[in-house]
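Asks: Contents of model.txt (compact mmCIF, C-alpha atoms) are below:
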# COMPACT_ATOMS: atom_id res chain seq x y z
CA MET A 1 -59.06 87.12 19.91
CA ASN A 2 -57.44 85.67 23.02
CA ARG A 3 -57.43 86.93 26.59
CA THR A 4 -55.41 85.75 29.55
CA GLY A 5 -56.65 85.58 33.11
CA LYS A 6 -57.23 83.20 36.00
CA ILE A 7 -60.06 81.11 37.38
CA ILE A 8 -61.65 82.89 40.34
CA HIS A 9 -64.49 80.39 40.85
CA TYR A 10 -65.07 76.78 39.87
CA ASN A 11 -67.66 74.27 41.07
CA GLN A 12 -66.70 70.67 40.34
CA ASN A 13 -70.24 69.47 40.99
CA ASP A 14 -71.87 71.34 38.11
CA GLY A 15 -68.71 72.01 36.09
CA LYS A 16 -69.24 75.76 35.97
CA GLY A 17 -66.75 78.49 36.76
CA ILE A 18 -65.77 82.12 36.28
CA VAL A 19 -62.59 83.56 34.76
CA ASN A 20 -61.28 87.05 35.52
CA ALA A 21 -59.42 88.50 32.53
CA ASP A 22 -58.42 92.14 32.07
CA GLY A 23 -60.74 93.21 34.87
CA GLN A 24 -63.79 91.49 33.38
CA THR A 25 -65.45 88.22 34.36
CA TYR A 26 -66.38 85.46 31.92
CA PRO A 27 -68.52 82.45 32.94
CA PHE A 28 -67.67 79.07 31.46
CA ASP A 29 -68.58 75.42 31.86
CA VAL A 30 -66.45 72.32 31.67
CA SER A 31 -67.48 71.61 28.07
CA LEU A 32 -65.31 74.58 27.04
CA TRP A 33 -62.28 73.35 28.98
CA ARG A 34 -59.36 72.22 26.80
CA GLY A 35 -56.95 71.01 29.47
CA SER A 36 -55.95 67.44 30.29
CA GLU A 37 -56.48 68.10 34.03
CA SER A 38 -59.51 69.57 35.76
CA PRO A 39 -59.70 73.37 36.16
CA ARG A 40 -58.30 74.62 39.46
CA LEU A 41 -58.97 77.75 41.44
CA ASN A 42 -56.55 80.62 40.67
CA GLY A 43 -55.16 78.62 37.77
CA PRO A 44 -53.91 80.76 34.84
CA VAL A 45 -55.91 80.34 31.64
CA ARG A 46 -56.16 81.63 28.09
CA LEU A 47 -59.62 82.46 26.77
CA GLU A 48 -60.40 81.89 23.11
CA MET A 49 -62.98 84.55 22.31
CA GLY A 50 -65.50 84.84 19.50
CA GLY A 51 -68.55 86.81 18.58
CA ASP A 52 -70.69 84.72 20.92
CA GLY A 53 -68.34 85.10 23.88
CA VAL A 54 -65.98 82.43 25.21
CA LEU A 55 -65.37 79.66 22.68
CA ALA A 56 -62.77 77.69 24.66
CA VAL A 57 -60.75 77.89 27.87
CA HIS A 58 -57.14 76.70 27.66
CA PRO A 59 -54.81 76.21 30.63
CA ALA A 60 -51.88 78.62 30.50
CA ALA A 61 -48.42 78.19 31.93
CA GLY A 62 -48.18 79.91 35.31
CA GLU A 63 -45.10 81.71 36.54
CA ALA A 64 -43.92 78.66 38.44
CA GLN A 65 -44.20 76.46 35.35
CA GLN A 66 -42.42 79.06 33.23
CA LEU A 67 -39.57 79.14 35.71
CA ALA A 68 -39.38 75.35 35.66
CA GLU A 69 -39.25 75.43 31.85
CA MET A 70 -36.45 77.98 32.04
CA GLY A 71 -34.57 75.59 34.29
CA GLY A 72 -35.11 72.78 31.78
CA GLN A 73 -33.83 74.93 28.94
CA LEU A 74 -30.79 75.81 31.00
CA GLY A 75 -30.13 72.13 31.63
CA LYS A 76 -30.40 71.39 27.91
CA ALA A 77 -27.97 74.18 27.07
CA LEU A 78 -25.54 72.96 29.70
CA GLY A 79 -25.79 69.46 28.27
CA GLN A 80 -24.84 70.66 24.80
CA HIS A 81 -21.75 72.45 26.06
CA GLY A 82 -21.23 70.35 29.16
CA ASN A 83 -17.59 69.41 28.86
CA HIS A 84 -16.26 72.89 28.21
CA ILE A 85 -18.45 74.60 30.80
CA GLY A 86 -17.82 71.82 33.31
CA GLN A 87 -14.08 72.30 33.07
CA GLN A 88 -14.45 76.05 33.51
CA LEU A 89 -16.75 75.66 36.51
CA LEU A 90 -14.36 73.21 38.11
CA ALA A 91 -11.50 75.65 37.64
CA VAL A 92 -13.48 78.59 39.07
CA HIS A 93 -15.36 76.94 41.95
CA GLY A 94 -13.59 73.72 42.83
CA ILE A 95 -15.12 70.38 43.74
CA PRO A 96 -16.55 71.27 47.22
CA THR A 97 -18.55 74.21 45.87
CA LEU A 98 -19.88 72.21 42.92
CA VAL A 99 -20.91 69.39 45.27
CA ALA A 100 -22.78 71.93 47.40
CA TYR A 101 -24.57 73.25 44.31
CA ALA A 102 -25.53 69.68 43.36
CA LEU A 103 -26.89 69.09 46.87
CA PHE A 104 -28.88 72.34 46.69
CA LEU A 105 -30.32 71.39 43.29
CA LEU A 106 -31.21 67.89 44.52
CA GLY A 107 -32.97 69.23 47.60
CA GLY A 108 -35.01 71.73 45.60
CA THR A 109 -36.11 69.48 42.76
CA ALA A 110 -36.26 65.86 43.92
CA LEU A 111 -36.71 65.75 47.70
CA THR A 112 -39.47 66.72 50.13
CA PHE A 113 -39.16 70.30 51.35
CA VAL A 114 -41.80 70.18 54.11
CA THR A 115 -44.40 67.73 55.40
CA PHE A 116 -47.83 68.72 56.71
CA LYS A 117 -48.22 66.21 59.51
CA SER A 118 -51.99 66.20 60.01
CA LEU A 119 -52.57 65.69 56.28
CA GLY A 120 -49.66 63.32 55.73
CA LEU A 121 -48.75 65.55 52.79
CA ALA A 122 -45.14 65.67 51.57
CA VAL A 123 -44.52 68.85 49.57
CA PRO A 124 -41.46 69.52 47.38
CA LEU A 125 -40.29 73.09 46.91
CA HIS A 126 -41.90 73.55 43.49
CA SER A 127 -45.33 72.52 44.84
CA LEU A 128 -45.43 75.29 47.45
CA ASP A 129 -46.77 77.54 44.70
CA ARG A 130 -49.94 75.45 44.38
CA LEU A 131 -50.58 75.61 48.13
CA MET A 132 -50.01 79.37 48.14
CA ASN A 133 -52.51 79.74 45.29
CA MET A 134 -55.14 78.09 47.48
CA PHE A 135 -54.83 81.09 49.81
CA GLY A 136 -54.83 83.71 47.06
CA SER A 137 -51.10 84.41 46.84
CA SER A 138 -48.00 82.97 45.20
CA ASN A 139 -44.54 81.94 46.28
CA THR A 140 -42.99 82.48 42.86
CA LEU A 141 -40.27 84.57 44.54
CA THR A 142 -38.98 81.37 46.15
CA LEU A 143 -38.83 79.56 42.82
CA LEU A 144 -37.26 82.58 41.17
CA LEU A 145 -34.56 82.76 43.84
CA PHE A 146 -34.01 79.02 43.54
CA TRP A 147 -33.39 79.06 39.79
CA VAL A 148 -31.42 82.31 39.89
CA GLY A 149 -29.29 80.74 42.62
CA VAL A 150 -28.60 77.79 40.33
CA VAL A 151 -27.89 79.97 37.29
CA ALA A 152 -25.61 82.21 39.38
CA MET A 153 -23.18 79.30 39.47
CA ILE A 154 -22.02 80.23 35.96
CA ALA A 155 -21.93 84.00 36.57
CA PRO A 156 -18.15 84.06 37.31
CA LEU A 157 -17.54 82.65 33.82
CA PHE A 158 -18.88 85.85 32.28
CA ILE A 159 -18.54 88.54 34.96
CA ARG A 160 -15.19 89.20 36.58
CA HIS A 161 -16.09 91.20 39.67
CA ARG A 162 -15.78 90.60 43.39
CA LEU A 163 -19.53 91.14 43.85
CA THR A 164 -20.24 87.92 41.96
CA SER A 165 -18.98 86.10 45.04
CA LEU A 166 -22.02 87.36 46.93
CA LEU A 167 -24.28 85.51 44.49
CA LEU A 168 -23.30 82.38 46.39
CA GLY A 169 -25.65 83.61 49.10
CA LEU A 170 -28.72 83.18 46.88
CA PRO A 171 -29.22 79.45 47.64
CA LEU A 172 -29.44 80.21 51.37
CA THR A 173 -31.83 83.10 50.67
CA ALA A 174 -34.09 80.85 48.56
CA THR A 175 -34.17 78.25 51.34
CA LEU A 176 -35.13 80.76 54.03
CA VAL A 177 -37.79 82.38 51.83
CA GLY A 178 -39.26 78.92 51.16
CA PHE A 179 -39.41 78.30 54.90
CA TYR A 180 -41.12 81.66 55.40
CA ASP A 181 -43.66 80.80 52.69
CA THR A 182 -44.44 77.58 54.56
CA TYR A 183 -45.04 79.62 57.71
CA ARG A 184 -47.39 81.88 55.74
CA ILE A 185 -49.37 78.86 54.51
CA VAL A 186 -49.86 77.59 58.06
CA SER A 187 -50.75 81.07 59.36
CA ALA A 188 -53.29 81.60 56.59
CA ALA A 189 -54.88 78.21 57.25
CA GLN A 190 -55.13 78.88 60.99
CA ALA A 191 -56.55 82.37 60.39
CA GLY A 192 -59.19 80.95 58.06
CA LEU A 193 -60.14 78.29 60.61
CA ALA A 194 -60.37 80.93 63.34
CA ARG A 195 -62.71 83.07 61.22
CA ARG A 196 -64.98 80.12 60.48
CA THR A 197 -65.03 79.13 64.14
CA ALA A 198 -65.94 82.68 65.17
CA MET A 199 -68.77 82.73 62.64
CA LEU A 200 -70.05 79.41 63.99
CA GLY A 201 -69.88 80.80 67.51
CA ASP A 202 -71.85 83.88 66.50
CA MET A 203 -74.52 81.73 64.87
CA MET A 204 -74.84 79.50 67.93
CA ALA A 205 -74.97 82.53 70.20
CA ALA A 206 -77.71 84.09 68.10
CA PHE A 207 -79.91 80.99 68.16
CA SER A 208 -79.13 79.33 71.48
CA GLY A 209 -76.99 81.75 73.47
CA ARG A 210 -74.16 79.19 73.73
CA GLY A 211 -71.58 80.36 71.25
CA GLY A 212 -68.71 81.06 73.62
CA ALA A 213 -67.55 77.45 73.68
CA VAL A 214 -66.50 77.53 70.04
CA ARG A 215 -65.09 81.04 69.90
CA GLU A 216 -61.60 80.14 71.08
CA LEU A 217 -59.24 77.67 69.44
CA PRO A 218 -56.24 76.12 71.16
CA THR A 219 -52.94 77.52 69.96
CA ILE A 220 -51.13 75.03 67.71
CA ALA A 221 -47.36 75.28 67.45
CA PHE A 222 -45.83 75.50 63.99
CA SER A 223 -43.70 72.42 64.70
CA ASP A 224 -46.87 70.42 65.47
CA VAL A 225 -48.23 71.14 62.00
CA VAL A 226 -45.14 71.11 59.78
CA GLY A 227 -42.15 68.82 59.57
CA LEU A 228 -39.03 69.84 57.69
CA GLY A 229 -38.06 67.37 54.99
CA ALA A 230 -34.77 66.11 53.61
CA GLY A 231 -34.98 68.64 50.79
CA PHE A 232 -35.05 71.54 53.23
CA TYR A 233 -32.03 70.27 55.15
CA CYS A 234 -30.07 69.58 51.96
CA MET A 235 -30.79 73.09 50.72
CA LEU A 236 -30.01 74.62 54.11
CA ILE A 237 -26.67 72.84 54.52
CA ALA A 238 -25.65 73.59 50.94
CA GLY A 239 -26.85 77.19 51.25
CA LEU A 240 -24.89 77.82 54.45
CA PHE A 241 -21.73 76.37 52.93
CA LEU A 242 -22.09 78.36 49.70
CA ALA A 243 -22.84 81.58 51.59
CA TRP A 244 -19.72 81.05 53.72
CA ILE A 245 -17.60 80.39 50.62
CA GLY A 246 -18.99 83.47 48.89
CA PHE A 247 -18.37 85.73 51.88
CA ARG A 248 -14.84 84.41 52.28
CA GLN A 249 -14.07 84.98 48.59
CA TYR A 250 -15.51 88.49 48.79
CA ARG A 251 -13.27 89.32 51.76
CA GLN A 252 -10.18 87.91 50.05
CA GLN A 253 -10.59 89.74 46.74
Kindly present the structure from the file in structure tokens form.

Replies:
Amino acid sequence: MNRTGKIIHYNQNDGKGIVNADGQTYPFDVSLWRGSESPRLNGPVRLEMGGDGVLAVHPAAGEAQQLAEMGGQLGKALGQHGNHIGQQLLAVHGIPTLVAYALFLLGGTALTFVTFKSLGLAVPLHSLDRLMNMFGSSNTLTLLLFWVGVVAMIAPLFIRHRLTSLLLGLPLTATLVGFYDTYRIVSAAQAGLARRTAMLGDMMAAFSGRGGAVRELPTIAFSDVVGLGAGFYCMLIAGLFLAWIGFRQYRQQ
């Protein structure tokens, strides 16, 4: 019998962790791990159960990976019928719109979305999910909007309605939601640091009466922590253009 869940605790030093599946917790050690990479906190897993408990722990595809696989399947399907669909898309959208879609796709899959300056960490859009998992949440909505925005390019081939023009606003929406998720990551990190600093201040105050010096942290501006990458600007420019085209088409129909 198999169960699905996620890792809620893992200690790399002793190789032991805990999985939460269906509201129950199951301890495991690294000898039961069947993945090629090390277990990671909040990572989705599949438990192979037996009479003696957990027999093996397998990594499972998370929502972000599933969405990426959907995108790959879409690309394969488009490749098989590329010529016919390409001609139809060119007739429906025109070259400028298709170029904007290509720029949006490039920015979201191959270029850096944001850079965390203090860490020197360049993060593409699809890796925001891993950072969000570190703080107990997920940005799968951003990835969902991204891929739906790409797929929406072919919607006019099957749906003849003026509302399909508004789907051209999805790339801009995905870009802005990704930016908001980045802001949430920074806010969560700063909040966690503030809590730890307050705890340290309380401890120092309890033992030496000098905790006030570490209670307050200087305010750090968002722009001092995060730099916007080429991927963000490509997606933003493409998203603004596509949203403008979609709104204009909606008004004209």

Asks: Using only C-alpha atoms, which of A:Val92, A:Leu242, A:Ile8, A:Met235 sits nearest A:Ile159?

Replies: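 Answer, going by the shortest atom-to-atom distance: A:Val92.
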
Asks: Considering all atoms listed in the file, state which residue in the set A:Pro156, A:Gly229, A:Gly35, A:Gly50 is at the smallest distance from A:His93.

Replies: A:Pro156

Asks: Between A:Ala152, A:Val54, A:Met49, A:Leu172, which residue has the minimum interatomic distance to A:Ile18, considering only C-alpha atoms?

Replies: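 Closest to A:Ile18, using only C-alpha atoms: A:Val54.
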
Asks: So which one's closest to A:Thr164, A:Val151, A:Ile95, A:Leu141, A:Leu240? Using all atoms listed in the file, please.

Replies: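 Between A:Val151, A:Ile95, A:Leu141, A:Leu240, the residue approaching A:Thr164 most closely is A:Val151.
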
Asks: One decimal, in Å: what's the spacing between atom CA of A:Leu128 and atom CA of A:Leu106?

Replies: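 According to the coordinates, atom CA of A:Leu128 and atom CA of A:Leu106 are separated by 16.3 Å.
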
Asks: Which residue is closest to A:Phe146? Choose from A:Pro124, A:Thr115, A:Arg130, A:Gly178 and count only C-alpha atoms.

Replies: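 Ranking A:Pro124, A:Thr115, A:Arg130, A:Gly178 by distance to A:Phe146, first place goes to A:Gly178.
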